[in-house]
>>> print(open('start04.cif').read())   # mmCIF, C-alpha atoms
data_upload
loop_
_atom_site.label_atom_id
_atom_site.label_comp_id
_atom_site.auth_asym_id
_atom_site.auth_seq_id
_atom_site.Cartn_x
_atom_site.Cartn_y
_atom_site.Cartn_z
CA MET K 1 16.00 -4.83 -4.78
CA LYS K 2 12.92 -7.00 -4.70
CA TRP K 3 12.87 -9.61 -7.44
CA TYR K 4 9.52 -8.49 -8.85
CA LEU K 5 10.75 -4.91 -9.33
CA ASP K 6 13.28 -6.10 -11.91
CA PRO K 7 11.89 -5.29 -15.41
CA GLU K 8 13.56 -8.47 -16.70
CA VAL K 9 10.93 -10.72 -15.08
CA TYR K 10 8.17 -9.23 -17.26
CA ARG K 11 9.82 -9.87 -20.63
CA ASP K 12 7.72 -12.17 -22.85
CA GLU K 13 10.94 -13.50 -24.41
CA LEU K 14 11.32 -15.52 -21.21
CA VAL K 15 8.37 -17.54 -22.51
CA THR K 16 8.92 -17.49 -26.25
CA GLU K 17 12.54 -18.61 -25.81
CA ASP K 18 11.78 -21.36 -23.27
CA PRO K 19 9.39 -24.15 -24.36
CA LYS K 20 9.18 -25.50 -20.81
CA ARG K 21 8.01 -22.15 -19.50
CA ARG K 22 5.56 -21.82 -22.36
CA GLU K 23 4.05 -25.16 -21.34
CA VAL K 24 3.61 -23.91 -17.77
CA VAL K 25 2.05 -20.65 -18.94
CA GLU K 26 -0.37 -22.51 -21.21
CA LYS K 27 -1.31 -24.88 -18.40
CA ILE K 28 -2.23 -22.13 -16.01
CA THR K 29 -3.84 -19.77 -18.47
CA GLY K 30 -6.87 -21.78 -19.29
CA TYR K 31 -5.67 -25.21 -20.30
CA ASN K 32 -7.78 -27.42 -18.04
CA LEU K 33 -7.43 -24.88 -15.29
CA GLU K 34 -10.15 -26.40 -13.11
CA TYR K 35 -8.23 -29.68 -13.02
CA TYR K 36 -4.93 -27.94 -12.37
CA ILE K 37 -6.28 -26.10 -9.32
CA TYR K 38 -8.20 -29.03 -7.87
CA ASN K 39 -5.51 -31.63 -8.44
CA THR K 40 -2.76 -29.46 -6.96
CA SER K 41 -4.82 -28.93 -3.82
CA LYS K 42 -5.76 -32.59 -3.66
CA MET K 43 -2.11 -33.62 -3.86
CA ALA K 44 -1.23 -31.13 -1.11
CA ARG K 45 -3.92 -32.68 1.07
CA ILE K 46 -2.67 -36.20 0.43
CA VAL K 47 0.88 -35.14 1.35
CA SER K 48 -0.37 -33.50 4.56
CA LYS K 49 -1.96 -36.78 5.65
CA MET K 50 1.03 -39.02 4.91
CA PRO K 51 2.89 -40.69 7.74
CA GLN K 52 6.55 -39.80 8.31
CA PRO K 53 9.06 -40.01 6.70
CA PHE K 54 6.98 -39.89 3.50
CA LYS K 55 5.34 -36.64 4.52
CA SER K 56 8.66 -34.77 4.76
CA ILE K 57 9.93 -36.23 1.50
CA PHE K 58 6.80 -35.46 -0.53
CA LYS K 59 6.36 -32.08 1.12
CA ALA K 60 9.87 -31.15 -0.04
CA VAL K 61 8.98 -32.26 -3.58
CA ALA K 62 5.70 -30.31 -3.55
CA ASN K 63 7.48 -27.23 -2.21
CA ARG K 64 10.17 -27.43 -4.89
CA LYS K 65 7.63 -27.90 -7.68
CA ALA K 66 5.45 -25.03 -6.45
CA TYR K 67 8.46 -22.71 -6.25
CA GLU K 68 9.83 -23.65 -9.65
CA LEU K 69 6.58 -23.80 -11.59
CA HIS K 70 3.73 -21.72 -10.28
CA ALA K 71 3.34 -19.98 -6.95
CA GLY K 72 3.01 -16.52 -5.52
CA GLN K 73 4.27 -14.03 -3.01
CA VAL K 74 2.19 -11.57 -1.03
CA VAL K 75 2.79 -7.93 -2.00
CA PRO K 76 1.43 -4.82 -0.30
CA LEU K 77 -0.61 -2.34 -2.35
CA GLU K 78 2.31 0.02 -3.02
CA ASP K 79 4.37 -2.78 -4.59
CA ALA K 80 1.37 -4.09 -6.54
CA LEU K 81 1.02 -0.61 -8.06
CA LYS K 82 4.70 -0.64 -9.06
CA ILE K 83 4.21 -4.06 -10.69
CA VAL K 84 1.36 -2.64 -12.78
CA ASP K 85 3.76 0.02 -14.09
CA LEU K 86 6.41 -2.56 -14.99
CA ALA K 87 4.03 -5.05 -16.66
CA HIS K 88 2.30 -4.87 -20.03
CA ASN K 89 -0.91 -6.27 -21.64
CA HIS K 90 -3.02 -5.84 -18.51
CA VAL K 91 -6.09 -8.08 -18.63
CA LEU K 92 -8.74 -9.07 -16.15
CA ILE K 93 -9.74 -12.74 -16.05
CA PRO K 94 -12.05 -14.68 -13.73
CA CYS K 95 -10.30 -16.39 -10.84
CA TYR K 96 -10.95 -20.12 -10.98
CA CYS K 97 -10.03 -20.66 -7.32
CA ARG K 98 -12.84 -18.31 -6.45
CA TYR K 99 -15.16 -20.12 -8.86
CA LEU K 100 -14.47 -23.57 -7.39
CA LEU K 101 -14.70 -22.27 -3.82
CA GLY K 102 -18.01 -20.50 -4.44
CA ALA K 103 -17.08 -16.80 -4.17
CA GLU K 104 -19.63 -14.34 -5.53
CA THR K 105 -17.20 -12.05 -7.32
CA LYS K 106 -14.71 -13.74 -9.59
CA LEU K 107 -13.18 -11.05 -11.80
CA THR K 108 -10.24 -10.40 -9.49
CA CYS K 109 -7.30 -11.88 -11.36
CA LEU K 110 -5.11 -9.22 -12.97
CA ASN K 111 -2.92 -10.86 -15.60
CA PHE K 112 -0.05 -9.66 -17.76
CA GLY K 113 2.06 -10.49 -20.76
CA LEU K 114 1.20 -13.46 -22.92
CA VAL K 115 -1.97 -14.32 -21.00
CA ARG K 116 -3.84 -11.82 -23.16
CA ASP K 117 -3.12 -13.87 -26.28
CA LEU K 118 -3.31 -17.35 -24.75
CA TRP K 119 -6.44 -17.11 -22.64
CA PRO K 120 -8.99 -16.81 -25.53
CA LYS K 121 -7.48 -19.93 -27.08
CA TYR K 122 -8.48 -22.13 -24.15
CA LYS K 123 -11.28 -20.21 -22.49
CA PRO K 124 -13.27 -18.67 -25.35
CA ASN K 125 -16.37 -18.50 -23.16
CA ASP K 126 -14.58 -16.36 -20.59
CA PRO K 127 -13.90 -13.15 -22.46
CA ILE K 128 -11.01 -11.22 -20.97
CA SER K 129 -11.25 -7.50 -20.49
CA GLU K 130 -8.25 -5.47 -21.47
CA ILE K 131 -7.62 -2.60 -19.11
CA ASP K 132 -5.04 0.17 -18.99
CA LYS K 133 -2.57 0.84 -16.20
CA GLU K 134 -4.71 3.48 -14.50
CA GLU K 135 -7.77 1.21 -14.48
CA ALA K 136 -5.66 -1.61 -13.07
CA LYS K 137 -4.38 0.63 -10.27
CA GLU K 138 -7.88 1.83 -9.47
CA LEU K 139 -9.05 -1.79 -9.18
CA LEU K 140 -6.11 -2.68 -6.92
CA ARG K 141 -7.02 0.19 -4.59
CA GLU K 142 -10.65 -0.94 -4.58
CA TRP K 143 -9.70 -4.52 -3.78
CA ASP K 144 -7.33 -3.36 -1.06
CA GLU K 145 -10.17 -1.42 0.54
CA LYS K 146 -12.34 -4.56 0.40
CA GLY K 147 -9.67 -6.57 2.17
CA TYR K 148 -8.31 -8.58 -0.74
CA ILE K 149 -4.72 -9.69 -0.29
CA HIS K 150 -2.52 -9.02 -3.33
CA GLY K 151 -0.01 -11.57 -4.50
CA VAL K 152 2.43 -11.62 -7.40
CA PHE K 153 2.33 -14.99 -9.19
CA TRP K 154 4.94 -16.44 -11.48
CA ALA K 155 4.93 -19.08 -14.18
CA LYS K 156 8.22 -20.98 -14.03
CA ILE K 157 10.08 -18.56 -11.84
CA PRO K 158 10.77 -15.65 -12.39
CA TYR K 159 8.31 -14.80 -15.20
CA VAL K 160 5.47 -12.77 -13.65
CA ILE K 161 2.03 -13.50 -15.03
CA ALA K 162 -0.43 -12.11 -12.53
CA ILE K 163 -1.38 -10.20 -9.45
CA CYS K 164 -3.94 -12.33 -7.68
CA ASN K 165 -6.37 -10.49 -5.40
CA CYS K 166 -8.25 -12.63 -2.98
CA GLU K 167 -9.33 -13.43 0.53
CA LYS K 168 -7.96 -16.26 2.60
CA LYS K 169 -11.21 -18.19 2.32
CA TYR K 170 -11.10 -18.42 -1.47
CA CYS K 171 -7.40 -18.68 -2.24
CA THR K 172 -6.29 -22.26 -2.93
CA ALA K 173 -2.60 -21.26 -2.90
CA LEU K 174 -2.91 -19.78 0.56
CA ARG K 175 -4.94 -22.77 1.71
CA ASN K 176 -2.29 -25.15 0.43
CA ARG K 177 0.11 -23.37 2.75
CA LEU K 178 -2.07 -22.75 5.81
CA LEU K 179 -4.07 -25.98 5.84
CA PHE K 180 -1.72 -28.44 4.14
CA GLY K 181 1.70 -27.02 5.03
CA ILE K 182 3.07 -26.40 1.51
CA GLU K 183 4.83 -23.13 2.39
CA ASN K 184 6.11 -22.36 -1.09
CA SER K 185 2.66 -22.21 -2.65
CA TYR K 186 2.27 -18.68 -1.29
CA LYS K 187 5.31 -16.91 0.14
CA LYS K 188 5.11 -14.12 2.68
CA SER K 189 5.86 -10.56 1.56
CA HIS K 190 9.15 -8.72 1.91
CA TYR K 191 7.61 -6.84 4.82
CA ILE K 192 6.20 -7.32 8.25
CA ALA K 193 3.72 -5.14 10.16
CA VAL K 194 4.83 -3.16 13.19
CA VAL K 195 2.80 -1.11 15.65
CA ASN K 196 3.67 2.28 17.06
CA HIS K 197 2.41 2.02 20.62
CA GLU K 198 2.55 5.79 21.11
CA LEU K 199 -0.11 6.23 18.45
CA CYS K 200 -2.21 3.11 19.06
CA ASP K 201 -5.16 3.67 21.40
CA LEU K 202 -6.65 0.18 20.77
CA CYS K 203 -9.64 1.96 19.09
CA GLY K 204 -11.11 2.42 22.55
CA GLY K 205 -11.02 -1.29 23.29
CA ARG K 206 -12.00 -2.99 20.01
CA PRO K 207 -9.11 -2.64 17.59
CA LYS K 208 -10.36 -2.70 13.98
CA CYS K 209 -7.09 -4.15 12.74
CA ILE K 210 -7.67 -7.40 14.65
CA SER K 211 -10.71 -8.38 12.60
CA ARG K 212 -9.13 -6.96 9.42
CA CYS K 213 -6.16 -9.35 9.65
CA GLN K 214 -7.05 -12.61 7.91
CA PHE K 215 -4.07 -14.41 9.40
CA GLY K 216 -4.97 -13.79 13.04
CA ALA K 217 -1.59 -12.13 13.48
CA ILE K 218 -2.78 -9.16 15.52
CA LYS K 219 -3.54 -9.78 19.17
CA ILE K 220 -3.62 -7.93 22.45
CA ARG K 221 -0.96 -8.86 24.96
CA ASP K 222 -0.44 -7.16 28.30
CA GLY K 223 -2.94 -4.47 27.31
CA LYS K 224 -1.01 -3.62 24.16
CA LEU K 225 -1.41 -4.43 20.49
CA TYR K 226 0.94 -7.21 19.53
CA ILE K 227 1.87 -8.58 16.10
CA ASP K 228 2.67 -12.25 15.90
CA GLU K 229 5.69 -12.34 13.60
CA ASP K 230 5.17 -16.00 12.78
CA LEU K 231 1.66 -15.36 11.48
CA CYS K 232 2.04 -11.96 9.74
CA PHE K 233 2.24 -12.27 5.94
CA GLY K 234 3.03 -8.58 5.48
CA CYS K 235 0.05 -7.84 3.24
CA GLY K 236 -0.39 -4.41 4.81
CA LEU K 237 -4.18 -4.55 4.87
CA CYS K 238 -4.22 -3.72 8.60
CA ARG K 239 -2.81 -0.26 7.92
CA SER K 240 -5.80 1.05 6.03
CA VAL K 241 -8.29 0.51 8.86
CA CYS K 242 -6.10 2.25 11.44
CA ASP K 243 -7.39 5.82 11.92
CA ARG K 244 -4.32 6.85 13.88
CA GLY K 245 -1.70 5.58 11.48
CA ALA K 246 -0.21 3.37 14.18
CA LEU K 247 0.50 0.43 11.88
CA SER K 248 3.17 0.33 9.21
CA LEU K 249 5.25 -2.14 7.25
CA VAL K 250 8.99 -2.60 7.71
CA SER K 251 11.40 -4.76 5.77
CA ARG K 252 11.19 -8.38 6.89
CA GLU K 253 14.95 -8.74 6.60
CA GLU K 254 15.71 -5.61 8.62
CA ALA K 255 13.25 -6.74 11.28
CA GLY K 256 15.21 -9.98 11.45
CA VAL K 257 12.14 -12.12 10.76
CA ASN K 258 13.46 -14.59 8.26
CA VAL K 259 10.32 -16.67 7.85
CA TRP K 260 9.14 -16.50 4.27
CA MET I 1 -17.16 -38.73 16.05
CA VAL I 2 -19.48 -37.17 13.46
CA LYS I 3 -18.63 -37.76 9.80
CA ILE I 4 -20.11 -36.01 6.82
CA LYS I 5 -20.82 -38.01 3.68
CA PHE I 6 -21.77 -36.77 0.24
CA ASN I 7 -24.18 -38.90 -1.75
CA LYS I 8 -22.92 -38.46 -5.32
CA GLY I 9 -26.06 -40.02 -6.78
CA LYS I 10 -28.33 -37.47 -5.15
CA CYS I 11 -26.16 -34.40 -5.80
CA ILE I 12 -26.96 -33.33 -9.36
CA ASN I 13 -25.39 -30.34 -11.14
CA PRO I 14 -23.67 -28.98 -8.03
CA GLU I 15 -22.10 -26.24 -10.17
CA GLU I 16 -25.56 -24.72 -10.59
CA CYS I 17 -26.63 -25.24 -6.99
CA MET I 18 -23.56 -24.28 -4.93
CA LYS I 19 -25.73 -23.91 -1.82
CA CYS I 20 -23.54 -26.00 0.49
CA ILE I 21 -20.35 -24.31 -0.68
CA SER I 22 -21.82 -20.84 -0.15
CA VAL I 23 -23.18 -21.64 3.30
CA CYS I 24 -19.91 -23.13 4.57
CA HIS I 25 -18.39 -20.40 6.74
CA VAL I 26 -14.95 -21.99 6.88
CA GLY I 27 -14.79 -22.84 3.16
CA ALA I 28 -14.26 -26.55 3.69
CA LEU I 29 -15.95 -27.56 0.43
CA ILE I 30 -14.77 -27.28 -3.15
CA LEU I 31 -16.40 -27.84 -6.52
CA ALA I 32 -14.33 -30.66 -7.97
CA PRO I 33 -14.12 -31.88 -11.58
CA ALA I 34 -15.58 -35.41 -11.64
CA ASN I 35 -14.38 -36.65 -15.02
CA LYS I 36 -10.91 -36.96 -16.55
CA PRO I 37 -9.60 -33.88 -18.39
CA GLY I 38 -10.70 -33.68 -22.02
CA ASN I 39 -9.10 -31.68 -24.80
CA PRO I 40 -7.25 -28.55 -23.70
CA GLY I 41 -9.72 -25.89 -22.70
CA THR I 42 -12.72 -28.22 -22.39
CA PRO I 43 -14.40 -27.47 -19.07
CA PRO I 44 -15.25 -30.47 -16.87
CA LYS I 45 -18.43 -32.26 -17.96
CA ARG I 46 -19.42 -33.10 -14.44
CA TYR I 47 -18.64 -31.79 -11.00
CA ILE I 48 -18.96 -33.17 -7.50
CA ILE I 49 -18.73 -31.51 -4.11
CA ASP I 50 -15.63 -32.52 -2.23
CA LEU I 51 -14.85 -31.96 1.45
CA LEU I 52 -11.27 -31.19 0.46
CA TYR I 53 -10.50 -28.97 3.43
CA ASP I 54 -11.85 -31.33 6.06
CA VAL I 55 -9.21 -29.97 8.46
CA ALA I 56 -11.14 -26.69 8.50
CA CYS I 57 -14.59 -28.29 8.97
CA ASP I 58 -16.07 -27.54 12.38
CA LYS I 59 -19.09 -29.80 11.81
CA CYS I 60 -21.60 -26.95 12.05
CA MET I 61 -23.96 -28.98 9.81
CA ARG I 62 -25.16 -25.95 7.84
CA CYS I 63 -24.42 -27.78 4.58
CA VAL I 64 -26.57 -30.71 5.68
CA GLU I 65 -29.47 -28.39 6.45
CA VAL I 66 -29.20 -26.31 3.26
CA CYS I 67 -28.97 -29.17 0.72
CA PRO I 68 -32.24 -29.24 -1.28
CA ARG I 69 -31.72 -32.89 -2.26
CA SER I 70 -30.66 -34.20 1.10
CA ALA I 71 -27.44 -35.41 -0.49
CA ILE I 72 -25.30 -34.69 2.54
CA GLU I 73 -25.60 -37.13 5.38
CA ILE I 74 -24.22 -37.46 8.85
CA ILE I 75 -22.90 -40.90 9.55
#
>>> encode(input="start04.cif", output="structure tokens")
Amino acid sequence: MKWYLDPEVYRDELVTEDPKRREVVEKITGYNLEYYIYNTSKMARIVSKMPQPFKSIFKAVANRKAYELHAGQVVPLEDALKIVDLAHNHVLIPCYCRYLLGAETKLTCLNFGLVRDLWPKYKPNDPISEIDKEEAKELLREWDEKGYIHGVFWAKIPYVIAICNCEKKYCTALRNRLLFGIENSYKKSHYIAVVNHELCDLCGGRPKCISRCQFGAIKIRDGKLYIDEDLCFGCGLCRSVCDRGALSLVSREEAGVNVW
Amino acid sequence: MVKIKFNKGKCINPEECMKCISVCHVGALILAPANKPGNPGTPPKRYIIDLLYDVACDKCMRCVEVCPRSAIEII
């Protein structure tokens, strides 16, 4: 079973019974959030520019801290919908990554649990909107259509606090991984995309999935669609633009692609 | 090699302008808090533009052209 489908990871007692976790939750739900996002990214950049052996040492520290404290994992739409069912206190808050990186729409951060009570304490000027499960699912489907990658984020693993919905350009977690090499800041999903060559007709020469994939994982090789397993994050966004249903997700483990 | 420099004195209230950040097609720029954190929840008093993702910058110079205060220079 996937870790985020365990109802245990949504229990607020994980926070109320653990002062350390409460500190992390407070930090990332409003408490000087702009500084938290910028400083984390700045540190990742500094590490990426260090000479060896310092780079490897500090990268390991950054990876461990990200994993333990606050990071995310890509989830496809169907798993994001299951998470909505398992979570409680669904609220919509503005994404501060998107704010600092200049995105036009910012209300794309779907939060759960104690965020509802903690956010107004630190960000009174950013009113949160409480939504029900059906509204949350509708939004997830809308975002998926728009090409927003979903990711489940934890505050001191394994407590789940949010499903982040964003594009590669505006996601600082993803950028910390792709541009600065901190892999644990955003883990790949439990899946990987595969193509059914019997169904794929390359859209008559210009496959729509190639431009849909934000990771550049879909290519054409020897006249056939080819998925680069090293680049695929398993977000599943490619599937929805394929008219012929030629793309699907399979379990990363079963496919033997153990890059997370 | 072309280098891009931000003149902090000329760039005023970047959080209201955001022109260079919006025009950057690779997202190399970020709005960065310029002062030390205050009390919990206090938003930054001042921001600056930072070329944080310089690895992504392809030196297209669109930010230089779009800046209304000519605060971005090529050196």
>>> closest_residue(input="start04.cif", among="K:Asn125, K:Asn111, K:Thr40, K:Asn63", to="K:Gly151", atoms="all atoms listed in the file")
K:Asn111
>>> residues_around(input="start04.cif", residues="I:Met18", least_positions_apart="2", cutoff="10 Å", atoms="all atoms listed in the file", output="list in words")
Leu100, Leu101, Gly102 and Ala103 of chain K; Asn13, Pro14, Glu15, Glu16, Cys20, Ile21, Ser22, Val23, Leu29, Ile30, Leu31, Ile49 and Cys67 of chain I
>>> write_last_selection(input="start04.cif", atoms="C-alpha atoms", output="PDB file, in the frame of the given file")
ATOM      1  CA  LEU K 100     -14.470 -23.570  -7.390  1.00  0.00           C
ATOM      2  CA  LEU K 101     -14.700 -22.270  -3.820  1.00  0.00           C
ATOM      3  CA  GLY K 102     -18.010 -20.500  -4.440  1.00  0.00           C
ATOM      4  CA  ALA K 103     -17.080 -16.800  -4.170  1.00  0.00           C
TER       5      ALA K 103
ATOM      6  CA  ASN I  13     -25.390 -30.340 -11.140  1.00  0.00           C
ATOM      7  CA  PRO I  14     -23.670 -28.980  -8.030  1.00  0.00           C
ATOM      8  CA  GLU I  15     -22.100 -26.240 -10.170  1.00  0.00           C
ATOM      9  CA  GLU I  16     -25.560 -24.720 -10.590  1.00  0.00           C
ATOM     10  CA  CYS I  20     -23.540 -26.000   0.490  1.00  0.00           C
ATOM     11  CA  ILE I  21     -20.350 -24.310  -0.680  1.00  0.00           C
ATOM     12  CA  SER I  22     -21.820 -20.840  -0.150  1.00  0.00           C
ATOM     13  CA  VAL I  23     -23.180 -21.640   3.300  1.00  0.00           C
ATOM     14  CA  LEU I  29     -15.950 -27.560   0.430  1.00  0.00           C
ATOM     15  CA  ILE I  30     -14.770 -27.280  -3.150  1.00  0.00           C
ATOM     16  CA  LEU I  31     -16.400 -27.840  -6.520  1.00  0.00           C
ATOM     17  CA  ILE I  49     -18.730 -31.510  -4.110  1.00  0.00           C
ATOM     18  CA  CYS I  67     -28.970 -29.170   0.720  1.00  0.00           C
TER      19      CYS I  67
END
>>> resolve_selection(input="start04.cif", expression="the PyMOL selection byres ((chain I) within 8 of (chain K))", output="ChimeraX atom specification")
/I:18,21-22,26-27,29-33,37-38,40-44,52-53,55-56
>>> closest_residue(input="start04.cif", among="K:Ala44, K:Asp117, K:Val84, K:Trp154", to="K:Glu134", atoms="all atoms listed in the file")
K:Val84
>>> atom_distance(input="start04.cif", atom1="atom CA of K:Arg21", atom2="atom CA of K:Ala87")
17.8 Å
>>> resolve_selection(input="start04.cif", expression="the PyMOL selection byres ((chain K and resi 94) around 7)", output="ChimeraX atom specification")
/K:92-93,95-96,106-109
>>> residues_around(input="start04.cif", residues="K:Ile157", least_positions_apart="6", cutoff="9 Å", atoms="all atoms listed in the file", output="list in words")
Val9, Arg21, Tyr67, Glu68, Leu69, His70 and Ala71 of chain K
